[in-house]
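Here's run_13.tsv, which has TSV, C-alpha atoms and all ligand atoms:
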```tsv
chain	number	residue	atom	x	y	z
A	5	MET	CA	-14.36	-9.48	15.51
A	6	ILE	CA	-10.71	-8.41	15.69
A	7	PRO	CA	-10.10	-6.92	12.22
A	8	TYR	CA	-6.80	-7.54	10.40
A	9	SER	CA	-6.26	-3.78	10.56
A	10	THR	CA	-8.27	-0.82	11.76
A	11	GLN	CA	-7.97	2.88	12.49
A	12	SER	CA	-7.15	4.36	15.86
A	13	ILE	CA	-8.85	7.71	16.49
A	14	SER	CA	-7.99	9.67	19.65
A	15	GLU	CA	-9.84	12.53	21.35
A	16	ALA	CA	-7.05	14.80	20.09
A	17	ASP	CA	-7.75	13.66	16.50
A	18	ILE	CA	-11.44	14.44	16.98
A	19	ALA	CA	-10.68	17.85	18.50
A	20	GLU	CA	-8.54	18.72	15.49
A	21	VAL	CA	-11.31	17.82	13.04
A	22	VAL	CA	-13.90	19.75	15.06
A	23	ARG	CA	-11.60	22.79	15.26
A	24	VAL	CA	-11.41	22.91	11.48
A	25	LEU	CA	-15.14	22.23	11.02
A	26	ARG	CA	-15.81	25.31	13.16
A	27	SER	CA	-13.49	27.46	11.04
A	28	SER	CA	-14.49	29.40	7.96
A	29	HIS	CA	-12.53	27.24	5.55
A	30	LEU	CA	-13.28	23.58	4.67
A	31	THR	CA	-11.63	23.06	1.28
A	32	GLN	CA	-7.92	22.79	0.54
A	33	GLY	CA	-6.00	25.57	2.26
A	34	GLN	CA	-3.68	26.10	5.20
A	35	GLU	CA	-4.43	22.76	6.91
A	36	VAL	CA	-3.57	20.82	3.76
A	37	ALA	CA	-0.35	22.84	3.41
A	38	LEU	CA	0.60	22.09	7.03
A	39	PHE	CA	-0.15	18.39	6.63
A	40	GLU	CA	1.96	18.28	3.47
A	41	GLN	CA	4.82	20.03	5.23
A	42	SER	CA	4.70	17.57	8.17
A	43	LEU	CA	4.54	14.60	5.81
A	44	ALA	CA	7.48	15.82	3.70
A	45	GLU	CA	9.54	16.37	6.86
A	46	TYR	CA	8.59	12.97	8.27
A	47	VAL	CA	9.55	11.09	5.09
A	48	GLY	CA	12.58	13.29	4.38
A	49	VAL	CA	11.60	14.62	0.96
A	50	LYS	CA	11.22	18.05	-0.58
A	51	HIS	CA	7.56	17.82	-1.56
A	52	ALA	CA	4.42	16.08	-0.36
A	53	ILE	CA	1.23	16.63	-2.35
A	54	ALA	CA	-1.97	15.51	-0.63
A	55	PHE	CA	-4.79	13.84	-2.57
A	56	ASN	CA	-8.27	12.61	-1.72
A	57	SER	CA	-7.15	8.97	-2.15
A	58	ALA	CA	-4.08	6.95	-3.06
A	59	THR	CA	-5.95	6.00	-6.22
A	60	SER	CA	-6.18	9.63	-7.35
A	61	ALA	CA	-2.57	10.11	-6.21
A	62	LEU	CA	-1.49	7.17	-8.40
A	63	HIS	CA	-3.47	8.56	-11.35
A	64	ALA	CA	-1.84	11.97	-10.95
A	65	ALA	CA	1.65	10.45	-10.49
A	66	TYR	CA	1.33	8.46	-13.71
A	67	LEU	CA	0.13	11.60	-15.54
A	68	ALA	CA	2.92	13.72	-14.04
A	69	ALA	CA	5.41	11.06	-15.19
A	70	GLY	CA	4.08	11.55	-18.72
A	71	LEU	CA	2.76	8.00	-19.00
A	72	GLY	CA	0.29	7.52	-21.81
A	73	GLU	CA	-0.99	5.39	-24.66
A	74	GLY	CA	1.48	2.70	-25.73
A	75	ASP	CA	3.73	3.01	-22.67
A	76	GLU	CA	4.46	0.12	-20.34
A	77	ILE	CA	5.08	-0.10	-16.63
A	78	ILE	CA	6.64	-3.09	-14.90
A	79	THR	CA	4.75	-3.88	-11.71
A	80	THR	CA	3.76	-6.59	-9.25
A	81	PRO	CA	0.59	-8.69	-9.54
A	82	ILE	CA	0.34	-8.88	-5.73
A	83	SER	CA	-1.24	-5.53	-4.97
A	84	PHE	CA	-4.57	-3.82	-4.66
A	85	VAL	CA	-6.01	-3.30	-8.16
A	86	ALA	CA	-5.60	0.50	-8.03
A	87	THR	CA	-1.84	0.24	-8.67
A	88	CYS	CA	-2.56	-1.12	-12.16
A	89	ASN	CA	-5.97	0.39	-12.75
A	90	MET	CA	-4.62	3.92	-12.81
A	91	ALA	CA	-1.88	2.94	-15.27
A	92	VAL	CA	-4.59	1.47	-17.52
A	93	ALA	CA	-6.61	4.68	-17.02
A	94	VAL	CA	-3.83	6.73	-18.63
A	95	GLY	CA	-3.51	4.24	-21.50
A	96	ALA	CA	-0.42	2.39	-20.28
A	97	LYS	CA	0.01	-1.38	-20.13
A	98	PRO	CA	0.95	-3.08	-16.87
A	99	VAL	CA	3.63	-5.71	-17.52
A	100	PHE	CA	3.65	-8.06	-14.55
A	101	CYS	CA	6.81	-9.18	-12.87
A	102	ASP	CA	6.65	-12.17	-10.53
A	103	ILE	CA	7.33	-11.77	-6.82
A	104	ARG	CA	9.71	-13.09	-4.22
A	105	LEU	CA	8.53	-15.40	-1.44
A	106	ASP	CA	7.97	-12.34	0.79
A	107	GLY	CA	5.34	-10.85	-1.53
A	108	ASN	CA	7.50	-8.06	-2.95
A	109	ILE	CA	8.44	-7.74	-6.63
A	110	ASP	CA	11.40	-9.97	-7.57
A	111	GLU	CA	13.90	-7.36	-8.70
A	112	THR	CA	16.06	-10.03	-10.38
A	113	LEU	CA	13.30	-10.61	-12.95
A	114	ILE	CA	12.69	-6.96	-13.87
A	115	GLU	CA	15.44	-6.39	-16.42
A	116	ALA	CA	14.26	-9.18	-18.75
A	117	LEU	CA	10.84	-7.48	-18.99
A	118	ILE	CA	12.12	-4.10	-20.16
A	119	THR	CA	11.16	-3.13	-23.71
A	120	PRO	CA	11.55	0.14	-25.66
A	121	LYS	CA	8.02	0.98	-24.40
A	122	THR	CA	8.87	0.63	-20.70
A	123	LYS	CA	8.68	3.97	-18.89
A	124	ALA	CA	8.52	3.11	-15.21
A	125	ILE	CA	9.00	0.42	-12.59
A	126	VAL	CA	6.14	0.41	-10.08
A	127	PRO	CA	6.88	-1.72	-7.02
A	128	VAL	CA	4.60	-2.08	-3.97
A	129	ASP	CA	6.00	-2.36	-0.43
A	130	PHE	CA	3.78	-5.31	0.39
A	131	ALA	CA	2.49	-5.47	3.99
A	132	GLY	CA	4.63	-2.42	4.80
A	133	ASN	CA	7.87	-4.32	4.12
A	134	PRO	CA	10.25	-2.24	1.99
A	135	VAL	CA	11.14	-3.49	-1.50
A	136	ASN	CA	14.80	-3.72	-2.50
A	137	MET	CA	14.81	-0.11	-3.67
A	138	GLU	CA	18.59	0.06	-4.16
A	139	ALA	CA	18.52	-2.75	-6.71
A	140	ILE	CA	15.36	-1.42	-8.39
A	141	LYS	CA	16.84	2.07	-8.69
A	142	ALA	CA	20.07	0.69	-10.17
A	143	ILE	CA	18.04	-1.09	-12.88
A	144	ALA	CA	15.98	2.05	-13.50
A	145	GLN	CA	19.11	4.17	-13.85
A	146	ARG	CA	20.73	1.73	-16.30
A	147	HIS	CA	17.64	1.83	-18.52
A	148	HIS	CA	16.54	5.45	-17.95
A	149	LEU	CA	13.28	4.45	-16.29
A	150	LEU	CA	11.34	6.09	-13.49
A	151	VAL	CA	10.59	4.38	-10.20
A	152	ILE	CA	7.10	5.11	-8.89
A	153	ASP	CA	6.69	3.30	-5.57
A	154	ASP	CA	3.18	2.41	-4.43
A	155	ALA	CA	4.02	2.72	-0.73
A	156	SER	CA	0.36	2.67	0.34
A	157	HIS	CA	1.20	0.10	3.06
A	158	ALA	CA	4.53	1.48	4.10
A	159	LEU	CA	4.38	4.97	5.59
A	160	GLY	CA	7.01	4.97	8.34
A	161	ALA	CA	8.93	1.90	7.14
A	162	THR	CA	12.70	2.33	6.67
A	163	CYS	CA	15.78	0.79	5.09
A	164	LYS	CA	19.23	1.74	6.40
A	165	GLY	CA	17.56	4.54	8.34
A	166	VAL	CA	15.98	6.06	5.20
A	167	LYS	CA	12.19	6.22	5.10
A	168	VAL	CA	10.25	4.47	2.36
A	169	GLY	CA	9.23	7.29	0.04
A	170	ALA	CA	12.56	9.09	0.16
A	171	SER	CA	14.28	7.09	-2.60
A	172	ALA	CA	11.93	6.61	-5.56
A	173	ASP	CA	11.19	9.34	-8.12
A	174	MET	CA	7.66	9.49	-6.74
A	175	SER	CA	6.08	7.48	-3.92
A	176	ILE	CA	2.40	7.13	-3.09
A	177	PHE	CA	0.85	6.75	0.35
A	178	SER	CA	-2.74	5.88	1.24
A	179	PHE	CA	-4.68	7.33	4.17
A	180	HIS	CA	-7.65	5.01	3.77
A	181	ALA	CA	-9.11	4.08	7.17
A	182	ILE	CA	-7.09	0.90	7.67
A	183	LYS	CA	-3.74	2.12	6.31
A	184	PRO	CA	-0.85	3.21	8.62
A	185	ILE	CA	-2.51	6.59	9.25
A	186	THR	CA	-5.92	7.77	8.10
A	187	THR	CA	-7.73	10.84	6.87
A	188	GLY	CA	-10.91	8.79	6.27
A	189	GLU	CA	-10.12	8.67	2.57
A	190	GLY	CA	-6.90	10.25	1.38
A	191	GLY	CA	-3.48	9.82	-0.14
A	192	ALA	CA	-0.32	11.65	-1.10
A	193	VAL	CA	2.56	11.66	-3.55
A	194	VAL	CA	6.01	12.51	-2.20
A	195	THR	CA	8.91	13.54	-4.42
A	196	ASP	CA	12.15	15.52	-4.44
A	197	ARG	CA	11.47	16.75	-7.99
A	198	ASP	CA	10.14	20.30	-8.33
A	199	ASP	CA	8.71	19.64	-11.81
A	200	TYR	CA	6.70	16.62	-10.68
A	201	ALA	CA	5.45	18.49	-7.62
A	202	ALA	CA	4.22	21.36	-9.79
A	203	ALA	CA	2.54	19.00	-12.25
A	204	LEU	CA	0.90	17.04	-9.43
A	205	ARG	CA	-0.53	20.22	-7.87
A	206	LEU	CA	-1.93	21.28	-11.22
A	207	ILE	CA	-3.50	17.89	-11.98
A	208	ARG	CA	-5.00	17.79	-8.48
A	209	SER	CA	-6.93	21.00	-9.02
A	210	HIS	CA	-8.54	21.04	-12.50
A	211	GLY	CA	-5.27	21.91	-14.29
A	212	VAL	CA	-6.18	25.53	-13.68
A	213	VAL	CA	-3.71	28.32	-12.81
A	214	LYS	CA	-4.67	31.80	-11.63
A	215	LYS	CA	-3.31	34.63	-13.77
A	216	GLN	CA	-4.67	38.06	-12.86
A	217	PHE	CA	-7.94	39.04	-11.23
A	218	TRP	CA	-10.57	36.72	-12.75
A	219	ASN	CA	-8.35	35.50	-15.52
A	220	THR	CA	-7.31	31.87	-15.24
A	221	ASP	CA	-5.69	29.47	-17.64
A	222	MET	CA	-5.97	25.72	-17.94
A	223	PRO	CA	-2.70	24.58	-19.52
A	224	THR	CA	-3.37	20.91	-18.82
A	225	LEU	CA	-6.27	18.57	-18.15
A	226	GLY	CA	-6.92	18.29	-14.44
A	227	TYR	CA	-9.30	16.81	-11.91
A	228	ASN	CA	-10.64	17.60	-8.47
A	229	TYR	CA	-8.46	15.33	-6.37
A	230	ARG	CA	-8.18	17.68	-3.38
A	231	LEU	CA	-8.26	16.71	0.28
A	232	THR	CA	-10.52	18.64	2.67
A	233	GLU	CA	-9.12	20.83	5.43
A	234	PHE	CA	-10.62	18.70	8.21
A	235	ALA	CA	-9.20	15.52	6.66
A	236	ALA	CA	-5.78	17.18	6.52
A	237	ALA	CA	-6.06	18.21	10.18
A	238	LEU	CA	-6.86	14.59	11.04
A	239	GLY	CA	-3.89	13.48	8.94
A	240	ARG	CA	-1.49	15.77	10.77
A	241	SER	CA	-2.79	14.65	14.15
A	242	GLN	CA	-2.48	10.99	13.07
A	243	LEU	CA	1.02	11.51	11.66
A	244	ALA	CA	2.16	12.75	15.08
A	245	ARG	CA	1.06	9.35	16.47
A	246	LEU	CA	2.34	7.17	13.62
A	247	ASP	CA	5.56	6.06	15.31
A	248	THR	CA	3.60	4.86	18.35
A	249	PHE	CA	1.24	2.92	16.02
A	250	ILE	CA	4.19	1.29	14.26
A	251	ALA	CA	5.92	0.48	17.55
A	252	ARG	CA	2.80	-1.29	18.83
A	253	ARG	CA	2.28	-3.19	15.59
A	254	ASN	CA	5.90	-4.31	15.73
A	255	GLU	CA	5.43	-5.53	19.32
A	256	ILE	CA	2.49	-7.65	18.23
A	257	ALA	CA	4.38	-8.89	15.17
A	258	ALA	CA	7.39	-9.84	17.33
A	259	TYR	CA	5.08	-11.75	19.67
A	260	TYR	CA	3.57	-13.63	16.68
A	261	ASP	CA	7.05	-14.30	15.27
A	262	ALA	CA	8.00	-15.93	18.58
A	263	ARG	CA	4.76	-17.93	18.88
A	264	PHE	CA	4.89	-19.15	15.26
A	265	SER	CA	8.64	-19.69	14.91
A	266	GLY	CA	9.50	-23.01	13.26
A	267	HIS	CA	5.88	-24.02	12.72
A	268	LYS	CA	5.48	-26.91	10.31
A	269	LEU	CA	2.21	-25.82	8.69
A	270	PHE	CA	2.89	-22.19	7.85
A	271	ASP	CA	5.65	-19.63	7.49
A	272	THR	CA	5.90	-15.98	8.44
A	273	ILE	CA	7.74	-13.21	6.57
A	274	LYS	CA	11.13	-12.12	7.85
A	275	ILE	CA	12.02	-8.42	7.55
A	276	PRO	CA	15.61	-7.85	6.31
A	277	GLU	CA	18.06	-6.80	9.08
A	278	SER	CA	18.67	-3.35	7.60
A	279	CYS	CA	14.95	-2.51	7.21
A	280	THR	CA	11.94	-1.88	9.41
A	281	SER	CA	8.31	-2.53	8.48
A	282	SER	CA	5.21	-0.44	9.14
A	283	ARG	CA	3.49	-3.84	9.69
A	284	HIS	CA	0.39	-2.81	7.80
A	285	LEU	CA	-0.29	-6.54	7.45
A	286	TYR	CA	0.92	-9.63	9.27
A	287	PRO	CA	0.77	-12.33	6.58
A	288	LEU	CA	0.95	-16.05	7.26
A	289	LEU	CA	2.04	-18.24	4.36
A	290	LEU	CA	0.31	-21.63	4.56
A	291	ARG	CA	2.30	-24.68	3.50
A	292	PRO	CA	0.89	-26.63	0.51
A	293	GLU	CA	-0.93	-29.17	2.72
A	294	LEU	CA	-3.13	-26.30	3.96
A	295	HIS	CA	-3.83	-24.75	0.54
A	296	CYS	CA	-6.78	-27.00	-0.11
A	297	PRO	CA	-8.61	-26.44	3.21
A	298	LYS	CA	-7.80	-22.67	3.14
A	299	GLU	CA	-11.44	-21.68	2.64
A	300	ASP	CA	-12.43	-23.74	5.67
A	301	ILE	CA	-9.56	-22.31	7.71
A	302	PHE	CA	-10.61	-18.80	6.69
A	303	ALA	CA	-14.22	-19.48	7.70
A	304	ALA	CA	-13.17	-21.12	11.00
A	305	LEU	CA	-10.97	-18.16	11.94
A	306	GLN	CA	-13.73	-15.68	11.03
A	307	GLU	CA	-16.18	-17.69	13.10
A	308	ARG	CA	-13.88	-17.37	16.10
A	309	GLY	CA	-13.69	-13.61	15.71
A	310	LEU	CA	-10.51	-13.20	13.68
A	311	GLY	CA	-11.10	-10.75	10.82
A	312	VAL	CA	-8.58	-12.47	8.55
A	313	GLN	CA	-8.22	-11.54	4.89
A	314	VAL	CA	-6.26	-12.65	1.82
A	315	HIS	CA	-3.90	-10.14	0.17
A	316	TYR	CA	-4.15	-10.29	-2.79
A	317	LYS	CA	-5.80	-12.08	-5.69
A	318	PRO	CA	-3.16	-11.51	-8.42
A	319	ILE	CA	-4.31	-8.51	-10.45
A	320	TYR	CA	-3.98	-10.37	-13.78
A	321	LYS	CA	-6.66	-12.87	-12.61
A	322	HIS	CA	-9.43	-10.24	-12.43
A	323	SER	CA	-11.82	-10.60	-15.36
A	324	PHE	CA	-11.16	-7.07	-16.62
A	325	TYR	CA	-7.44	-7.86	-16.94
A	326	VAL	CA	-8.10	-11.26	-18.51
A	327	LYS	CA	-10.37	-9.62	-21.12
A	328	LYS	CA	-7.95	-6.79	-21.82
A	329	PHE	CA	-4.57	-8.54	-21.66
A	330	GLY	CA	-5.38	-12.26	-21.85
A	331	GLU	CA	-4.73	-15.15	-19.47
A	332	GLN	CA	-1.51	-14.85	-17.51
A	333	ARG	CA	0.17	-16.94	-14.82
A	334	TYR	CA	3.13	-16.17	-12.61
A	335	HIS	CA	4.22	-19.10	-10.46
A	336	VAL	CA	5.31	-17.44	-7.25
A	337	SER	CA	2.32	-15.07	-7.34
A	338	GLU	CA	-0.02	-18.04	-7.82
A	339	ASP	CA	1.55	-19.87	-4.86
A	340	PHE	CA	1.51	-16.74	-2.76
A	341	TYR	CA	-2.21	-16.26	-3.43
A	342	LYS	CA	-2.84	-19.85	-2.38
A	343	SER	CA	-0.79	-19.52	0.79
A	344	GLU	CA	-1.31	-15.95	2.05
A	345	LEU	CA	-3.58	-15.20	5.00
A	346	SER	CA	-3.35	-11.87	6.87
A	347	ILE	CA	-4.14	-12.13	10.57
A	348	PRO	CA	-5.07	-9.25	12.91
A	349	CYS	CA	-2.15	-6.94	13.71
A	350	HIS	CA	-2.91	-3.35	14.65
A	351	GLN	CA	-2.23	-0.74	17.30
A	352	GLY	CA	-5.68	-1.12	18.91
A	353	MET	CA	-4.98	-4.71	20.01
A	354	SER	CA	-4.21	-5.62	23.61
A	355	ASP	CA	-1.71	-8.32	24.64
A	356	GLU	CA	-4.72	-10.55	25.39
A	357	ASP	CA	-6.06	-9.98	21.85
A	358	ALA	CA	-2.69	-10.96	20.38
A	359	ALA	CA	-2.52	-14.08	22.57
A	360	TYR	CA	-6.08	-15.04	21.56
A	361	VAL	CA	-5.22	-14.58	17.87
A	362	ALA	CA	-2.04	-16.68	18.17
A	363	ASP	CA	-3.79	-19.44	20.17
A	364	THR	CA	-6.70	-19.55	17.74
A	365	VAL	CA	-4.47	-19.63	14.66
A	366	LEU	CA	-2.41	-22.50	16.10
A	367	GLU	CA	-5.50	-24.49	17.06
A	368	VAL	CA	-7.31	-24.02	13.76
A	369	MET	CA	-4.25	-24.86	11.65
A	370	GLU	CA	-3.73	-28.09	13.60
A	371	ALA	CA	-7.41	-28.97	13.27
A	372	TYR	CA	-7.39	-28.57	9.50
A	373	LYS	CA	-4.07	-30.14	8.60
A	374	MET	CA	-5.58	-33.56	7.83
A	375	ARG	CA	-8.87	-32.37	6.38
A	376	GLY	CA	-7.92	-31.91	2.75
A	377	CYS	CA	-10.44	-30.25	0.45
A	378	SER	CA	-14.10	-29.70	1.18
A	379	LEU	CA	-14.97	-29.61	-2.51
A	401	LIG	C1	-5.09	0.85	-0.33
A	401	LIG	C2	-4.23	0.76	-1.52
A	401	LIG	C3	-4.39	1.58	-2.64
A	401	LIG	C4	-5.57	2.49	-2.79
A	401	LIG	O1	-5.67	3.39	-1.76
A	401	LIG	P1	-6.96	4.34	-1.63
A	401	LIG	O2	-6.45	5.42	-0.72
A	401	LIG	O3	-8.02	3.50	-1.01
A	401	LIG	O4	-7.32	4.84	-2.97
A	401	LIG	C5	-3.49	1.50	-3.66
A	401	LIG	N1	-2.46	0.64	-3.61
A	401	LIG	C6	-2.28	-0.20	-2.57
A	401	LIG	C7	-1.12	-1.13	-2.58
A	401	LIG	C8	-3.18	-0.17	-1.50
A	401	LIG	O5	-3.02	-1.02	-0.49
```
Just give me the structure as C-alpha cells.
Amino acid sequence: MIPYSTQSISEADIAEVVRVLRSSHLTQGQEVALFEQSLAEYVGVKHAIAFNSATSALHAAYLAAGLGEGDEIITTPISFVATCNMAVAVGAKPVFCDIRLDGNIDETLIEALITPKTKAIVPVDFAGNPVNMEAIKAIAQRHHLLVIDDASHALGATCKGVKVGASADMSIFSFHAIKPITTGEGGAVVTDRDDYAAALRLIRSHGVVKKQFWNTDMPTLGYNYRLTEFAAALGRSQLARLDTFIARRNEIAAYYDARFSGHKLFDTIKIPESCTSSRHLYPLLLRPELHCPKEDIFAALQERGLGVQVHYKPIYKHSFYVKKFGEQRYHVSEDFYKSELSIPCHQGMSDEDAAYVADTVLEVMEAYKMRGCSL
C-alpha cells in the first residue's frame, strides 16, 4: 500500500534519537530548547514553544489567548476535529464559516459571522496550502480579533516569501507521524508575542514557576504538555530535511498536475502564484457524476494499493457537535466532503510510484464514471 502520506526517517534521525537516549536527560531540556530555536528561525518568528501534540498546542494557544466560557471562534468545518475540540474544551463555541472551492476558509464570509462574543478567527491551511492570511488579518484588525492559525499541514509553506506561521498572532504545527515533519507525536505554537510565549510555557508545564530553593508557585492552571528530549532531537534532525521533503512532494504534485490537467471527471487544487504549498495532501475533487460511486472508487483504489483517504468529514456533522450545537449545513463544505479524495503524495515515493498512482487513478475514474450508486 502506498499511503497518502508517511514519515521519512533517516539513519541520521535515528542516530540523533539514540544519542539523546544515551544521555542523562530525557525530559524537556536543552534538546527541546534547541529544537524550538531552530523552528523559530525556520519560520521567522520570535518564539516557538514545543508541545507533545498539536492538540495540546491548540488547547494551550486558546488558553493563552484568554478564550473561555461564552466566547466564540470563527473557524472552518473542513479540518481535523482537534481544531474545534480544543476550543470546546475551554468553553468556547466554534462558529463555522463555509469554505472556498480549494478547501480553505472563505474569508469573504467571515465578517458576517462576527458577534460581540467573537474573540478569534481560526483558519486551517488545508492540505498545506496557505489561507488568504492578508485578508483574514485585515478583518481581524478591523474587529479587534485574534488570528490563531491551525497550520498543522503547512510547516514550510509560504506566501510572498513569508512562511506560514509568521503572520498570525499564534500558529500551530503538528509533528504527528504523517505531518510535514515528525517527532512521533508532537506539536508547537509559534508567535512573535512575548506575553503569549510566556503563558504558553507556563500552561505547558503545570502552570508552575520556580521561586527560590524548593518554593514554587502555581499562578495559573497548567498541564503536562511537554515534549521529550529525544522527540525534540528527532524534530531538529527532521527540520533540517524539511525543504528536501517539500521539494520532492512538489515534484510529485507537479507530475500529477500535468497528468490530470483538464480531466473531465475530477479537478485538482491550484496553488496561488504568490504562494507555495507544503503539499501535506494532494486532494482530487471528484465531479458530481462521481460522487455517488465514491465509496466504490475508494475501495477500488485501496484494493490496488493506493492508501487514499477523505479529508475531512465536516466537523459539524460529528454526532458530538450535532448534539451540542444542533444540525448545521454549509453548502461548499458539503460538496467538498462529497468530492474530496486525497491520493498518495509524499517524499518516500519514487517516480514509478507516482506514475502507478496516476495511471491507477485515471483507470479507476474512467471505470466508475457510468456506474452510478451501488446502494
Ligand atoms: C493533525 C492535525 C491536528 C492534530 O495534530 P496532533 O499533533 O495529532 O494532535 C490538528 N489540526 C489539524 C488541521 C491536523 O491536521
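Nearest-residue note for Thr280 (chain A): choosing from A:Asp339, A:Asp363, A:Asp153, A:Asp129, the minimum distance belongs to A:Asp129, counting all atoms listed in the file.
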Nearby residues, ligand LIG 401 (chain A), 8 Å, all atoms listed in the file, as a list in words: Asn56, Ser57, Ala58, Thr59, Ser60, Ala61, Leu62, Ser83, Phe84, Val85, Ala86, Thr87, Val128, Asp129, Phe130, Asp154, Ala155, Ser156, His157, Phe177, Ser178, Phe179, His180, Lys183, Glu189, Gly190 and Gly191 of chain A
Among listed residues A:Ser171, A:Thr224, A:Gln313, A:Gln32, nearest Leu67 (chain A) (using all atoms listed in the file): A:Thr224
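We find CA of Leu310 (chain A) and CA of Ile6 (chain A) to be spaced 5.2 Å apart.
Of the listed residues A:Leu288, A:Ala68, A:Val92, A:Ala131, the one whose atoms come nearest to Ala161 (chain A) is A:Ala131, with distances taken using only C-alpha atoms.
Residues of protein, DNA or RNA having at least one counted atom within 10 Å of (13.3, 3.0, 11.7), given all atoms listed in the file, are Gly160, Ala161, Thr162, Cys163, Lys164, Gly165, Val166, Lys167, Val168, Asp247, Ile250, Ala251, Ser278, Cys279, Thr280, Ser281 and Ser282 of chain A.
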Top pick for closest residue to His350 (chain A), considering A:Thr122, A:Ser337, A:Thr248, A:Ser265 and counting all atoms listed in the file: A:Thr248
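You will find CA of Phe217 (chain A) at 21.3 Å from CA of Gln34 (chain A).
One distance worth recording is that between CA of Lys97 (chain A) and CA of Ile114 (chain A), which is 15.2 Å.
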Sel. within 9 Å of pt (-1.9, 16.7, -5.6), counting only C-alpha atoms, output as a ChimeraX atom specification: /A:52-56,60-61,64-65,191-193,201-209,229-231
Could N, CA and C atoms be built for region 277-297 of chain A and written out as a CSV table (one decimal), in the coordinates of the input?
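Writing the result to rebuild.csv gives the following:
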```csv
chain,number,residue,atom,x,y,z
A,277,GLU,N,17.4,-7.4,7.9
A,277,GLU,CA,18.1,-6.8,9.1
A,277,GLU,C,18.1,-5.3,9.0
A,278,SER,N,18.4,-4.8,7.8
A,278,SER,CA,18.7,-3.4,7.6
A,278,SER,C,17.4,-2.5,7.4
A,279,CYS,N,16.2,-3.2,7.4
A,279,CYS,CA,15.0,-2.5,7.2
A,279,CYS,C,14.0,-2.7,8.4
A,280,THR,N,13.0,-1.8,8.5
A,280,THR,CA,11.9,-1.9,9.4
A,280,THR,C,10.6,-1.8,8.6
A,281,SER,N,9.6,-2.5,9.2
A,281,SER,CA,8.3,-2.5,8.5
A,281,SER,C,7.3,-1.7,9.2
A,282,SER,N,6.3,-1.1,8.5
A,282,SER,CA,5.2,-0.4,9.1
A,282,SER,C,4.2,-1.5,9.7
A,283,ARG,N,4.4,-2.7,9.3
A,283,ARG,CA,3.5,-3.8,9.7
A,283,ARG,C,2.0,-3.5,9.4
A,284,HIS,N,1.8,-3.0,8.2
A,284,HIS,CA,0.4,-2.8,7.8
A,284,HIS,C,-0.4,-4.1,7.8
A,285,LEU,N,0.3,-5.2,7.4
A,285,LEU,CA,-0.3,-6.5,7.4
A,285,LEU,C,0.7,-7.5,8.2
A,286,TYR,N,0.1,-8.5,8.8
A,286,TYR,CA,0.9,-9.6,9.3
A,286,TYR,C,0.5,-10.9,8.5
A,287,PRO,N,1.2,-11.2,7.4
A,287,PRO,CA,0.8,-12.3,6.6
A,287,PRO,C,1.3,-13.6,7.1
A,288,LEU,N,0.5,-14.7,7.1
A,288,LEU,CA,1.0,-16.0,7.3
A,288,LEU,C,1.0,-16.7,5.9
A,289,LEU,N,2.0,-17.5,5.6
A,289,LEU,CA,2.0,-18.2,4.4
A,289,LEU,C,1.8,-19.7,4.6
A,290,LEU,N,0.7,-20.2,4.3
A,290,LEU,CA,0.3,-21.6,4.6
A,290,LEU,C,1.1,-22.6,3.7
A,291,ARG,N,1.6,-23.6,4.3
A,291,ARG,CA,2.3,-24.7,3.5
A,291,ARG,C,1.3,-25.4,2.6
A,292,PRO,N,1.8,-26.0,1.5
A,292,PRO,CA,0.9,-26.6,0.5
A,292,PRO,C,-0.2,-27.5,1.1
A,293,GLU,N,0.1,-28.3,2.2
A,293,GLU,CA,-0.9,-29.2,2.7
A,293,GLU,C,-2.1,-28.4,3.3
A,294,LEU,N,-2.0,-27.1,3.5
A,294,LEU,CA,-3.1,-26.3,4.0
A,294,LEU,C,-3.8,-25.5,2.8
A,295,HIS,N,-3.2,-25.6,1.6
A,295,HIS,CA,-3.8,-24.8,0.5
A,295,HIS,C,-5.3,-25.2,0.3
A,296,CYS,N,-5.5,-26.5,0.2
A,296,CYS,CA,-6.8,-27.0,-0.1
A,296,CYS,C,-7.8,-26.6,0.9
A,297,PRO,N,-7.6,-26.8,2.2
A,297,PRO,CA,-8.6,-26.4,3.2
A,297,PRO,C,-8.6,-25.0,3.6
```
